[in-house]
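**Student:** Got a structure for you, questions after.
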Amino acid sequence: LYVMRIVLGLHTTLMSSAAFILTVMAVLILFTGGDVSTYILTLIGSTSLVALFTAVIYVVVPKEWLTPKVKPKPPLIYKRYNISLIFSIPTAIISGYLVYTVFGGLEYSLIVASGVFLIPGLIARRIETRIRKLESFYVIFIRSFGLTYAVLPNYAKALHSILMSDFGLLTKPLISVYSKISNGIDPKIAWKYFIYDTWSDLIMRSTNIFVDTVDVGGNVRSVGTILSDILTRVNDLRSSRERVARTFEATTYMMQALVSVICMAVINLINLFSDYIQTLIVGLEVTEFYGLPIFIVAPDAVVLMNNLTIIFLALLTIMNALAIKLAYGGIPESFWQQVSILLIITSGAVIGTRLMIDVLFRGLLIPITIPT
C-alpha cells in the first residue's frame, strides 16, 4: 500500500507536469510564427510519457481481481452487462457521429458517447458490489460451517443446520448447494456450481481448500477458523486499499478537470489574441516586427491545435481511468465507469472553458479603430 501511494502520487504529478509543458509550448507558438510542428511533437512526447508511467503502475501495483480467471463467465451474472455493452457500442458511435455533424466539436461527441458507456460501467460496478457482499457473508459462513461439520460430518446435515441462520445474499447459493447434495448429486459438483453462482475468486479458493480438507479427513474445525481469519484480514487490506484508491480517484477527477480547463483556455486565448493582432496588422499595414512575424497563428493551425488537444485529453482520460482501475482492483468490466466519468468531466470542462473565454474575453479583445 505504501508503494502504491507513492506511485499513484507520482502519476498525478506527471500528469500535471505534462499538461504544463503542453501549455507552455502552445504559448511559444505565438513567438514562432504559428509553427505547430513543435506543439505536435510535445503532445506526442507528453502522451508517451504518461502512457509509459501508466504501464509502470500496471507492473508495480498488485492486481486484485475479484473474479476467477476461468471461462466461460456466468451468463446469469453478466447478462445485463453484456446486453448493455452490445447496445452501447453502436449507440455511442451513431450518436457521437450525429452530434459531431450537428455541433462540429469533438468534445460534444465525447460527452454523448461517454454518457452511453456509463450504463455498462454502472452495471459492472453493481456486480462488484454483489461479489464483495457475498465475500463478507462467506467469512461468517466458513467459520460456522467448519465448526458445524466437525460435529455433523455430513454435508447435507451440516448445511441444514447452518441454513437456520441468515447469510444475506449468500443464502440463495447455499440453499442451491443443499438441494443438490440432498438429491444425491456429488458434493464436488454441487460446490463447483456454488462457486459458479457466487463468482468470487476468494470464495472459489476457500471452498476448494475446505472440500479438499474434507476429502483427506483433515481438521475442518481448524481449517474453517483459519480461512475465516485469513479472509477477514484480506477484507481489511481491501478496505485500506479502497481508501487509497478513493483519494486517488477524487484527486484524478479534479486534476483532469483542471488540466482540461488550462489547456483549452490557453488554446482559446491564443485564437482570440491571434485574431486581435491580425486585425491590428490590417489596420496598421504591418507584417513584420524586426524581421519576425508578429503574434499570428493561422486559423487552420488553431483548429488543428484544438483537435489535437482534445485528443490528448481523451487519451489522458483513458490512462487516468486505467490507473484508477488498477488502484481499485475489482472486475475489469467496471473500467467503463471510470472512463465515462472522466470523459464527461473532460468534455464538460472543455465546453465550459470555451464559453467562459468567449464571454469574458471576446468583448475585451476588440481592436481599437485605427484613424485614417
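Starting from 1 in every chain, residues are counted up; chains themselves are A, B, ... following the order of the C-alpha cells, and ligands are numbered from 1 as listed.
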Using only C-alpha atoms, which protein or nucleic acid residues come within 9 Å of segment 339-350 of chain A? Drop anything in the same chain fewer than 6 positions from it, and give the result as a ChimeraX atom specification.
**Tutor:** /A:106-118,121,252-254,256-261,263-265,310,313-314,317-322
**Student:** Residues of segment 114-199 of chain A classed as helix (DSSP H, G or I) by DSSP on the backbone are to be reported as a count of residues only.
**Tutor:** 73
**Student:** Wanna dump the segment 299-340 of chain A-segment 51-63 of chain A contacts at 7 Å for me, each residue with its shortest atom pair and the distance in Å to one decimal, counting only C-alpha atoms, ordered by chain and number, as a Markdown table?
**Tutor:**
| residue | atom | partner | partner_atom | distance |
| --- | --- | --- | --- | --- |
| A:Met319 | CA | A:Thr54 | CA | 6.4 |
| A:Ala323 | CA | A:Thr54 | CA | 6.4 |
| A:Leu326 | CA | A:Tyr58 | CA | 6.7 |
| A:Gly329 | CA | A:Lys63 | CA | 6.3 |
**Student:** Excluding Pro153 of chain A and any residue of its chain fewer than 3 positions from it, enumerate the residues within 12 Å of it, using only C-alpha atoms, and give them as a list in words.
**Tutor:**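 That gives Phe145, Gly146, Leu147, Thr148, Tyr149, Ala150, Ala156, Lys157, Ala158, Leu159, Ser161, Val214, Asp215, Gly217, Gly218, Asn219, Val220 and Arg221 of chain A.
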**Student:** Using only C-alpha atoms, which residues sit within 10 Å of Arg5 of chain A once same-chain residues fewer than 2 positions away are excluded, as a ChimeraX atom specification?
**Tutor:** /A:1-3,7-11,61,241,244-245,247-248,327
**Student:** Mind dumping the selected residues with C-alpha atoms as a compact mmCIF listing (two decimals), in the first residue's frame?
**Tutor:**
# COMPACT_ATOMS: atom_id res chain seq x y z
CA LEU A 1 0.00 0.00 0.00
CA TYR A 2 2.88 2.36 0.76
CA VAL A 3 4.42 1.76 -2.67
CA VAL A 7 3.36 5.52 -7.46
CA LEU A 8 -0.13 7.00 -7.70
CA GLY A 9 1.12 10.32 -6.36
CA LEU A 10 3.87 10.36 -8.98
CA HIS A 11 1.27 9.67 -11.67
CA VAL A 61 0.61 -2.03 -8.30
CA ARG A 241 -6.62 -0.15 -0.45
CA VAL A 244 -6.20 4.98 -1.01
CA ALA A 245 -7.95 4.41 -4.34
CA THR A 247 -8.38 9.52 -2.55
CA PHE A 248 -6.51 8.99 -5.81
CA ALA A 327 -5.76 1.20 -7.82
**Student:** Skipping near chain neighbours, those fewer than 3 positions away, what residues fall within 9 Å of Pro68 of chain A using only C-alpha atoms, listed as number ranges by chain?
**Tutor:** A: 65, 71, 73, 199-202, 204
**Student:** For Met25 of chain A, find every residue with an atom within 8 Å (counting only C-alpha atoms), except residues of its own chain fewer than 2 positions away, and show them as an MDAnalysis selection string.
**Tutor:** chainID A and resid 21:23 27:29 38:39 42
**Student:** Do you know which residues are at most 10 Å from Phe141 of chain A counting only C-alpha atoms, after dropping those on the same chain fewer than 4 positions away, and could you put them as a count of residues only?
**Tutor:** 16
**Student:** Provide the atom CA of Ile324 of chain A to atom CA of Glu64 of chain A distance in Å, to one decimal place.
**Tutor:** 12.8 Å
**Student:** Nearest to Gln338 of chain A among A:Ala250, A:Ala18, A:Val266, A:Val223, with distances taken over only C-alpha atoms: which residue is it?
**Tutor:** A:Ala250
**Student:** Considering only C-alpha atoms, can you say which of A:Ile6, A:Ala301, A:Thr91, A:Ala124 comes closest to Phe335 of chain A?
**Tutor:**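 Using only C-alpha atoms, the shortest distance to Phe335 of chain A belongs to A:Ala124.
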**Student:** Given the choices A:Ile142, A:Ile119, A:Leu316, A:Ala19, which gets closest to Ile209 of chain A if the distance is worked out from only C-alpha atoms?
**Tutor:**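 Nearest to Ile209 of chain A: A:Ile142.
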**Student:** For atom CA of Leu360 of chain A and atom CA of Leu315 of chain A, determine how far apart the two atoms are, in Å to one decimal place.
**Tutor:**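 Atom CA of Leu315 of chain A lies at a distance of 29.1 Å from atom CA of Leu360 of chain A.
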